[in-house]
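Chemist: Below is the file protein.txt, which contains compact mmCIF, C-alpha atoms and all ligand atoms.
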```txt
# COMPACT_ATOMS: atom_id res chain seq x y z
CA MET A 109 9.11 -22.74 -12.99
CA SER A 110 5.66 -22.93 -11.54
CA GLY A 111 4.74 -20.38 -8.95
CA LEU A 112 1.45 -19.50 -7.43
CA SER A 113 -1.31 -19.46 -9.90
CA GLY A 114 -3.95 -16.82 -9.57
CA ILE A 115 -7.18 -16.26 -11.35
CA VAL A 116 -9.51 -13.37 -11.66
CA ARG A 117 -12.96 -14.64 -10.82
CA LYS A 118 -14.99 -11.64 -11.69
CA ALA A 119 -14.38 -8.33 -13.31
CA GLU A 120 -17.04 -5.72 -13.50
CA ARG A 121 -15.77 -3.14 -15.88
CA THR A 122 -18.82 -0.91 -15.76
CA GLN A 123 -19.54 1.76 -13.26
CA ARG A 124 -22.31 1.17 -10.84
CA ASP A 125 -23.92 3.35 -8.29
CA ASN A 126 -22.73 3.55 -4.82
CA PRO A 127 -24.30 0.76 -2.83
CA LYS A 128 -25.67 1.07 -0.04
CA HIS A 129 -5.99 20.02 16.55
CA THR A 130 -3.65 21.00 17.09
CA TYR A 131 -0.15 19.53 17.40
CA MET A 132 -0.05 19.81 21.17
CA LYS A 133 -2.66 17.11 21.48
CA ARG A 134 -0.44 14.62 19.71
CA TYR A 135 0.67 12.60 22.69
CA LEU A 136 -2.74 12.73 24.27
CA ILE A 137 -4.25 11.37 21.07
CA ILE A 138 -1.64 8.65 20.79
CA GLY A 139 -2.39 7.63 24.36
CA PHE A 140 -6.06 7.65 23.56
CA SER A 141 -5.45 5.59 20.46
CA ILE A 142 -3.88 2.85 22.50
CA LEU A 143 -6.74 2.84 24.95
CA SER A 144 -9.59 3.03 22.49
CA LEU A 145 -9.82 -0.27 20.73
CA ASN A 146 -11.54 -0.22 17.41
CA ASN A 147 -12.72 -3.32 15.56
CA SER A 148 -9.43 -4.06 13.89
CA PHE A 149 -7.05 -3.45 16.74
CA CYS A 150 -6.78 -6.04 19.45
CA GLN A 151 -5.47 -5.52 22.93
CA LYS A 152 -1.91 -6.52 22.15
CA GLY A 153 -1.62 -3.72 19.63
CA MET A 154 -1.95 -5.95 16.60
CA LEU A 155 -4.21 -5.48 13.63
CA GLN A 156 -7.00 -8.02 13.62
CA PHE A 157 -9.48 -9.57 11.24
CA ARG A 158 -13.07 -8.68 12.00
CA GLN A 159 -15.39 -11.27 13.51
CA GLU A 160 -16.72 -12.12 10.06
CA GLY A 161 -13.19 -12.91 8.87
CA GLU A 162 -12.44 -9.88 6.72
CA PHE A 163 -9.87 -7.11 6.93
CA LYS A 164 -10.38 -4.03 4.79
CA ILE A 165 -7.62 -1.73 3.59
CA VAL A 166 -8.08 1.56 1.77
CA GLN A 167 -5.04 2.57 -0.28
CA PHE A 168 -4.67 6.28 -1.02
CA THR A 169 -1.76 7.40 -3.17
CA ASP A 170 0.00 10.48 -4.50
CA MET A 171 -2.00 13.10 -2.61
CA HIS A 172 0.62 15.78 -3.39
CA LEU A 173 -0.71 17.94 -0.55
CA GLN A 174 0.10 21.62 -0.57
CA ASN A 175 -1.74 24.40 1.20
CA SER A 176 -3.48 25.82 -1.84
CA VAL A 177 -5.16 22.59 -2.94
CA SER A 178 -5.40 20.30 0.04
CA GLU A 179 -9.01 20.85 1.07
CA SER A 180 -10.37 18.73 -1.77
CA VAL A 181 -8.00 15.92 -0.81
CA PHE A 182 -9.05 16.04 2.83
CA GLU A 183 -12.66 15.91 1.69
CA LEU A 184 -11.93 12.92 -0.55
CA VAL A 185 -10.20 11.13 2.31
CA LYS A 186 -13.06 11.83 4.69
CA ASN A 187 -15.72 10.71 2.23
CA ILE A 188 -14.00 7.47 1.28
CA VAL A 189 -13.12 6.60 4.85
CA ASP A 190 -16.72 7.31 5.88
CA VAL A 191 -18.23 5.07 3.24
CA GLU A 192 -15.66 2.24 3.25
CA LYS A 193 -14.92 2.14 7.00
CA PRO A 194 -11.54 0.44 6.54
CA ASP A 195 -9.59 -1.38 9.22
CA LEU A 196 -6.38 0.24 7.97
CA VAL A 197 -5.46 3.07 5.60
CA VAL A 198 -2.26 2.73 3.56
CA ILE A 199 -0.87 5.75 1.74
CA THR A 200 1.59 4.69 -0.93
CA GLY A 201 3.72 7.80 -1.04
CA ASP A 202 4.04 11.37 -2.28
CA ILE A 203 1.89 12.84 0.47
CA CYS A 204 3.27 16.41 0.69
CA VAL A 205 5.03 18.47 -1.94
CA GLN A 206 5.70 21.70 -0.04
CA ASP A 207 8.48 22.56 2.37
CA THR A 208 6.34 22.89 5.51
CA VAL A 209 4.63 19.57 6.18
CA ASP A 210 3.74 19.45 9.88
CA ASP A 211 0.37 21.14 9.71
CA LEU A 212 -0.80 19.30 6.59
CA LEU A 213 0.30 15.93 7.94
CA LEU A 214 -1.40 16.52 11.26
CA ARG A 215 -4.61 17.57 9.56
CA LEU A 216 -4.45 14.44 7.40
CA ALA A 217 -3.75 12.20 10.40
CA ASN A 218 -6.67 13.74 12.25
CA ARG A 219 -8.99 12.65 9.46
CA PHE A 220 -8.14 9.08 10.44
CA ALA A 221 -7.91 9.69 14.19
CA GLU A 222 -11.43 11.16 14.25
CA LYS A 223 -12.67 7.83 12.95
CA LYS A 224 -10.26 5.77 15.10
CA ILE A 225 -8.71 4.27 11.99
CA HIS A 226 -5.03 3.42 11.96
CA TRP A 227 -2.89 4.37 9.01
CA VAL A 228 0.58 3.90 7.57
CA SER A 229 2.51 5.44 4.72
CA VAL A 230 5.46 4.44 2.59
CA PHE A 231 7.69 7.05 1.00
CA GLY A 232 7.33 8.17 -2.58
CA ASN A 233 10.05 9.90 -4.57
CA HIS A 234 8.69 13.35 -3.63
CA ASP A 235 8.53 12.74 0.12
CA GLY A 236 11.43 14.58 1.70
CA GLU A 237 12.21 16.41 -1.52
CA ASN A 238 11.02 19.87 -0.47
CA GLY A 239 10.47 19.58 3.26
CA PRO A 240 12.31 17.76 6.05
CA PRO A 241 14.75 15.02 4.95
CA ARG A 242 13.38 11.49 4.82
CA LYS A 243 14.76 10.39 8.18
CA THR A 244 13.10 13.34 9.92
CA LEU A 245 9.91 12.88 7.95
CA SER A 246 9.80 9.23 8.94
CA ALA A 247 9.98 10.26 12.61
CA ILE A 248 7.23 12.84 12.06
CA TYR A 249 4.95 10.18 10.56
CA ARG A 250 5.54 7.91 13.53
CA SER A 251 4.59 10.69 15.96
CA LEU A 252 1.24 11.38 14.31
CA PRO A 253 -2.10 10.23 15.72
CA TYR A 254 -3.11 6.70 14.78
CA ASN A 255 -0.01 6.14 12.64
CA LEU A 256 1.48 2.62 12.77
CA ASN A 257 4.68 3.24 10.79
CA SER A 258 7.93 1.86 12.08
CA THR A 259 11.37 1.64 10.57
CA THR A 260 14.00 -1.08 10.24
CA SER A 261 17.56 -0.10 11.02
CA GLY A 262 20.52 -1.39 9.04
CA ILE A 263 18.80 -1.47 5.66
CA LYS A 264 18.32 1.16 2.99
CA GLY A 265 15.34 3.50 3.28
CA GLU A 266 12.98 4.46 6.07
CA THR A 267 9.51 3.03 5.56
CA ASN A 268 10.44 -0.65 5.71
CA PHE A 269 8.31 -2.58 8.19
CA ILE A 270 5.78 -5.38 8.57
CA LEU A 271 2.34 -5.39 10.16
CA PRO A 272 0.86 -8.79 10.98
CA VAL A 273 -2.91 -9.17 11.01
CA ALA A 274 -4.19 -11.49 13.73
CA GLY A 275 -7.11 -13.84 13.33
CA LYS A 276 -9.11 -16.24 15.41
CA LYS A 277 -6.57 -18.99 14.81
CA GLY A 278 -3.38 -17.10 15.43
CA LYS A 279 -1.36 -13.95 15.50
CA HIS A 280 -0.17 -14.01 11.92
CA GLN A 281 -3.07 -14.86 9.67
CA ALA A 282 -1.86 -12.27 7.14
CA LEU A 283 1.20 -10.07 6.74
CA LEU A 284 1.43 -6.58 5.32
CA TYR A 285 4.91 -5.67 4.05
CA PHE A 286 5.82 -2.03 3.53
CA PHE A 287 8.87 -0.95 1.54
CA ASP A 288 10.58 2.37 0.90
CA SER A 289 11.06 2.19 -2.87
CA ASN A 290 13.56 5.04 -2.49
CA ALA A 291 13.54 8.09 -4.73
CA TYR A 292 15.89 8.60 -7.65
CA ASN A 293 18.42 6.55 -9.58
CA PRO A 294 21.57 6.47 -7.43
CA LEU A 295 23.76 5.26 -10.33
CA LYS A 296 22.90 7.88 -12.92
CA ASP A 297 26.36 7.87 -14.49
CA ARG A 298 25.96 4.19 -15.44
CA VAL A 299 22.27 3.32 -15.31
CA LYS A 300 19.47 4.77 -17.43
CA GLY A 301 16.26 5.98 -15.87
CA THR A 302 15.07 8.57 -13.39
CA TYR A 303 13.80 6.52 -10.47
CA GLY A 304 15.32 4.50 -7.68
CA TRP A 305 14.72 0.90 -6.65
CA ILE A 306 14.30 -1.33 -3.62
CA ASP A 307 17.86 -2.40 -2.95
CA PHE A 308 19.55 -5.62 -1.94
CA SER A 309 19.58 -4.87 1.80
CA GLN A 310 15.80 -4.45 1.76
CA ILE A 311 15.25 -7.58 -0.31
CA HIS A 312 17.56 -9.56 1.97
CA TRP A 313 15.52 -8.32 4.97
CA TYR A 314 12.28 -9.30 3.26
CA ARG A 315 13.56 -12.81 2.44
CA ASN A 316 14.70 -13.39 6.02
CA GLN A 317 11.47 -12.10 7.52
CA SER A 318 9.35 -14.07 5.09
CA ALA A 319 11.28 -17.28 5.77
CA ALA A 320 10.93 -16.81 9.53
CA PHE A 321 7.17 -16.25 9.30
CA THR A 322 6.81 -19.28 7.00
CA LYS A 323 8.80 -21.44 9.43
CA LYS A 324 6.58 -20.33 12.33
CA ASN A 325 3.55 -21.18 10.19
CA LYS A 326 4.59 -24.85 9.86
CA GLY A 327 6.29 -24.24 6.54
CA VAL A 328 3.28 -22.65 4.86
CA PRO A 329 3.82 -19.12 3.50
CA VAL A 330 1.55 -16.63 5.26
CA PRO A 331 -0.87 -14.82 2.88
CA SER A 332 0.77 -11.43 2.42
CA LEU A 333 0.48 -8.13 0.58
CA ALA A 334 3.23 -5.63 -0.21
CA PHE A 335 2.92 -1.85 -0.53
CA PHE A 336 5.43 0.59 -2.01
CA HIS A 337 5.45 3.64 -4.29
CA ILE A 338 7.43 3.04 -7.48
CA PRO A 339 6.19 0.16 -9.65
CA LEU A 340 8.47 -2.78 -10.40
CA PRO A 341 9.63 -3.41 -13.99
CA GLU A 342 7.27 -6.42 -13.97
CA TYR A 343 4.31 -4.00 -14.11
CA GLN A 344 5.44 -3.00 -17.59
CA MET A 345 6.16 -6.62 -18.58
CA LEU A 346 2.70 -7.69 -17.43
CA TRP A 347 1.05 -5.05 -19.58
CA GLU A 348 3.18 -5.84 -22.63
CA GLU A 349 2.55 -9.57 -22.33
CA ASP A 350 -1.11 -9.62 -21.46
CA SER A 351 -2.84 -6.26 -21.26
CA ALA A 352 -6.15 -7.93 -22.13
CA SER A 353 -6.18 -9.68 -18.77
CA CYS A 354 -5.52 -6.50 -16.83
CA ILE A 355 -8.43 -4.72 -15.21
CA GLY A 356 -8.28 -0.95 -15.15
CA THR A 357 -6.56 1.77 -17.12
CA LYS A 358 -3.07 2.54 -18.36
CA HIS A 359 -2.72 6.04 -19.73
CA GLU A 360 1.00 6.53 -19.29
CA GLU A 361 4.19 4.55 -19.29
CA VAL A 362 5.23 2.57 -16.25
CA PHE A 363 7.82 4.82 -14.62
CA CYS A 364 9.73 2.00 -12.99
CA PRO A 365 13.49 1.78 -12.44
CA MET A 366 15.39 0.75 -15.57
CA ILE A 367 17.17 -2.10 -13.82
CA ASN A 368 15.61 -4.99 -11.96
CA SER A 369 16.84 -5.33 -8.40
CA GLY A 370 15.11 -8.67 -7.86
CA LEU A 371 12.28 -8.08 -5.39
CA TYR A 372 9.75 -9.77 -7.64
CA ALA A 373 11.93 -12.87 -8.03
CA SER A 374 12.31 -13.03 -4.27
CA MET A 375 8.57 -12.71 -3.74
CA LEU A 376 8.01 -15.63 -6.13
CA GLU A 377 10.59 -17.74 -4.36
CA CYS A 378 9.24 -16.93 -0.90
CA GLY A 379 5.70 -17.69 -2.05
CA ASP A 380 3.87 -15.48 0.44
CA ILE A 381 3.01 -12.29 -1.46
CA MET A 382 -0.41 -12.39 -3.14
CA GLY A 383 -0.33 -8.85 -4.44
CA THR A 384 1.74 -5.68 -4.63
CA PHE A 385 0.17 -2.21 -4.53
CA VAL A 386 1.92 0.92 -5.81
CA GLY A 387 1.23 4.49 -6.91
CA HIS A 388 3.55 6.94 -8.67
CA ASP A 389 1.94 6.86 -12.14
CA HIS A 390 -1.14 9.05 -11.66
CA VAL A 391 -3.12 7.87 -14.68
CA ASN A 392 -2.52 4.14 -14.34
CA ASP A 393 -4.82 2.14 -12.07
CA TYR A 394 -4.77 -1.38 -13.47
CA ILE A 395 -4.40 -4.72 -11.74
CA GLY A 396 -3.26 -7.93 -13.39
CA ILE A 397 -1.67 -11.24 -12.47
CA ARG A 398 1.76 -12.36 -13.55
CA ASP A 399 3.29 -15.64 -12.34
CA GLY A 400 0.66 -15.81 -9.63
CA ILE A 401 1.27 -12.41 -8.10
CA ALA A 402 -1.30 -9.65 -8.55
CA LEU A 403 0.42 -6.42 -9.60
CA ALA A 404 -1.84 -3.48 -8.82
CA TYR A 405 -1.81 0.27 -8.95
CA GLY A 406 -3.86 2.31 -6.52
CA ARG A 407 -5.96 5.22 -7.73
CA PHE A 408 -4.51 8.73 -7.67
CA SER A 409 -5.90 10.55 -4.61
CA GLY A 410 -4.63 14.09 -5.17
CA ALA A 411 -6.02 17.41 -6.33
CA LYS A 412 -5.50 19.51 -9.44
CA ASN A 413 -1.86 20.33 -8.77
CA THR A 414 -0.68 17.28 -10.71
CA TYR A 415 -1.15 15.90 -14.20
CA GLY A 416 -3.83 13.52 -15.36
CA HIS A 417 -7.54 13.27 -15.81
CA LEU A 418 -8.65 10.32 -13.68
CA THR A 419 -11.23 11.13 -11.04
CA PRO A 420 -9.41 11.01 -7.70
CA GLY A 421 -10.20 8.02 -5.52
CA ALA A 422 -8.66 5.08 -3.70
CA ARG A 423 -8.18 1.34 -4.06
CA VAL A 424 -9.97 -0.87 -1.58
CA ILE A 425 -8.63 -4.32 -0.68
CA VAL A 426 -10.47 -6.87 1.46
CA LEU A 427 -8.41 -9.75 2.84
CA LYS A 428 -10.12 -13.01 3.87
CA GLU A 429 -8.92 -14.72 7.02
CA GLY A 430 -7.23 -18.05 6.41
CA LYS A 431 -7.51 -17.81 2.65
CA ARG A 432 -5.15 -16.86 -0.13
CA GLU A 433 -7.59 -14.47 -1.72
CA PHE A 434 -8.75 -10.89 -1.67
CA ASP A 435 -11.38 -8.65 -3.19
CA THR A 436 -10.46 -5.26 -4.61
CA TRP A 437 -12.09 -2.28 -6.29
CA ILE A 438 -11.56 1.38 -6.98
CA ARG A 439 -13.73 3.85 -5.09
CA GLU A 440 -13.93 7.22 -6.81
CA ARG A 441 -14.75 10.65 -5.47
CA GLY A 442 -18.53 10.89 -5.74
CA GLY A 443 -19.04 7.28 -4.71
CA ASN A 444 -18.64 5.26 -7.93
CA ILE A 445 -17.14 1.79 -7.64
CA LEU A 446 -15.02 0.58 -10.55
CA TYR A 447 -13.23 -2.64 -11.49
CA SER A 448 -14.59 -4.76 -8.68
CA THR A 449 -12.55 -7.96 -8.76
CA GLN A 450 -12.07 -11.10 -6.70
CA ILE A 451 -8.64 -12.64 -6.82
CA HIS A 452 -7.81 -16.00 -5.35
CA PHE A 453 -4.91 -18.38 -5.57
CA ASN A 454 -5.78 -21.95 -6.31
CA LYS A 455 -2.67 -23.53 -4.88
CA GLU A 456 0.18 -22.69 -2.61
CA GLN A 457 3.48 -23.46 -4.17
CA ALA A 458 6.83 -21.86 -3.76
CA ILE A 459 10.39 -22.68 -4.66
CA LYS A 460 12.10 -24.08 -1.62
CA ASN A 461 15.18 -22.12 -0.62
ZN ZN B 501 6.03 9.35 -7.44
```
Please express the file's structure as structure tokens.
Ligand SMILES: [Zn+2]

Modeler:
Amino acid sequence: MSGLSGIVRKAERTQRDNPKHTYMKRYLIIGFSILSLNNSFCQKGMLQFRQEGEFKIVQFTDMHLQNSVSESVFELVKNIVDVEKPDLVVITGDICVQDTVDDLLLRLANRFAEKKIHWVSVFGNHDGENGPPRKTLSAIYRSLPYNLNSTTSGIKGETNFILPVAGKKGKHQALLYFFDSNAYNPLKDRVKGTYGWIDFSQIHWYRNQSAAFTKKNKGVPVPSLAFFHIPLPEYQMLWEEDSASCIGTKHEEVFCPMINSGLYASMLECGDIMGTFVGHDHVNDYIGIRDGIALAYGRFSGAKNTYGHLTPGARVIVLKEGKREFDTWIRERGGNILYSTQIHFNKEQAIKN
């Protein structure tokens, strides 16, 4: 089977210096957010490539906010957002780990609202564990300033939605898929492993959506990225098969589900996804390519209330309008850039359904 083939053009493994409210305001701020159009948000409410044809995403992950330690995370978020000036922030799960979340989430959202930057978040296994249940939490996210989350009814999980990115040549120059990778193994009596998986209803939804977008795009899969919390089993396979080609670090095992529910196979068959971006494993931050799909971790963005020794930071992803390629790097607290990499796909090929 030949799928997309991807190559890493450049990998800089060395560090280099940094180149050059309150709740009651919620609805007011949301109203303001619709009226105030920043670079990446066009009048029809759709994300948009910049004039120069780029769209920058900052991925934070595993903040594990709790009152006693959150200030350093808010500072990290502010500093990285200030220096990177993304068009969208994606948080790949495990935002809050205490039972009262409203104040922390609002303070976090305001970090983005102050800069007029839209943000989304997918659920991690810890979201909803101590505080409000996931359905309630999903509604809270959607009510927050500058949040673009939505939810898809009739399928498993809450944070399943798609954001198209418009370009000069059309409404759907790129697609961003967001999945709820669920929390814990629902079949513990029969299946090994601690963590849950993206289930058939979600994969079925993805396949249908992907096919519809491809059809609208004259049969050509739309360049797409996918974001979720728990890595797929293929992250482990990639490392076992070809760790030398991976860029970044792996200091712990891949805590993926112990069965394969088939999302990766579907992504290969649909032919649109260029890369997947996850969190969950706080001391892994590598990216590598398997079968033409880039499998990437973000960089842990939390404080000292979790395990691990990596300097907190974020992954930055820059999409290129009309091209199956993206640039990515890790931005650390303090400004260092690590693992700057360009990934492009040298042909578009997918199995026809
Ligand atoms: Zn997790």

Chemist: Ranking A:Pro253, A:Gly327, A:Gly201, A:Gly421 by minimum distance to ligand ZN 501 (chain B) and counting all atoms listed in the file, which one comes first?

Modeler: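 For ligand ZN 501 (chain B), the nearest of the candidates is A:Gly201.
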
Chemist: A:Gly304, A:Gly239, A:Asn293, A:Leu427: which is nearest Pro331 of chain A, counting all atoms listed in the file?

Modeler: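 Result for the nearest residue to Pro331 of chain A: A:Leu427.
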
Chemist: Show me which residues are within 12 Å of ligand ZN 501 (chain B) counting all atoms listed in the file, and format the list as number ranges by chain.

Modeler: A: 169-172, 200-205, 230-237, 288-292, 302-304, 336-339, 362-365, 386-391, 408, 410, 414-415

Chemist: For Gln167 of chain A, list every protein, DNA or RNA residue within 9 Å, evaluated using only C-alpha atoms, and leave out those in the same chain fewer than 4 positions away; present the list as a PyMOL selection string.

Modeler: chain A and resi 196-200+385+406-407+422-425

Chemist: Return the single residue from A:Phe286, A:Phe453, A:Phe182, A:Phe163 that is closest to Ser409 of chain A, with distances computed using all atoms listed in the file.

Modeler: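 Distance minimum relative to Ser409 of chain A lands on A:Phe182.
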
Chemist: Separation of atom CA of Leu256 of chain A and atom CA of Ile225 of chain A, in Å?

Modeler: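 Atom-to-atom, atom CA of Leu256 of chain A and atom CA of Ile225 of chain A are spaced 10.4 Å apart.
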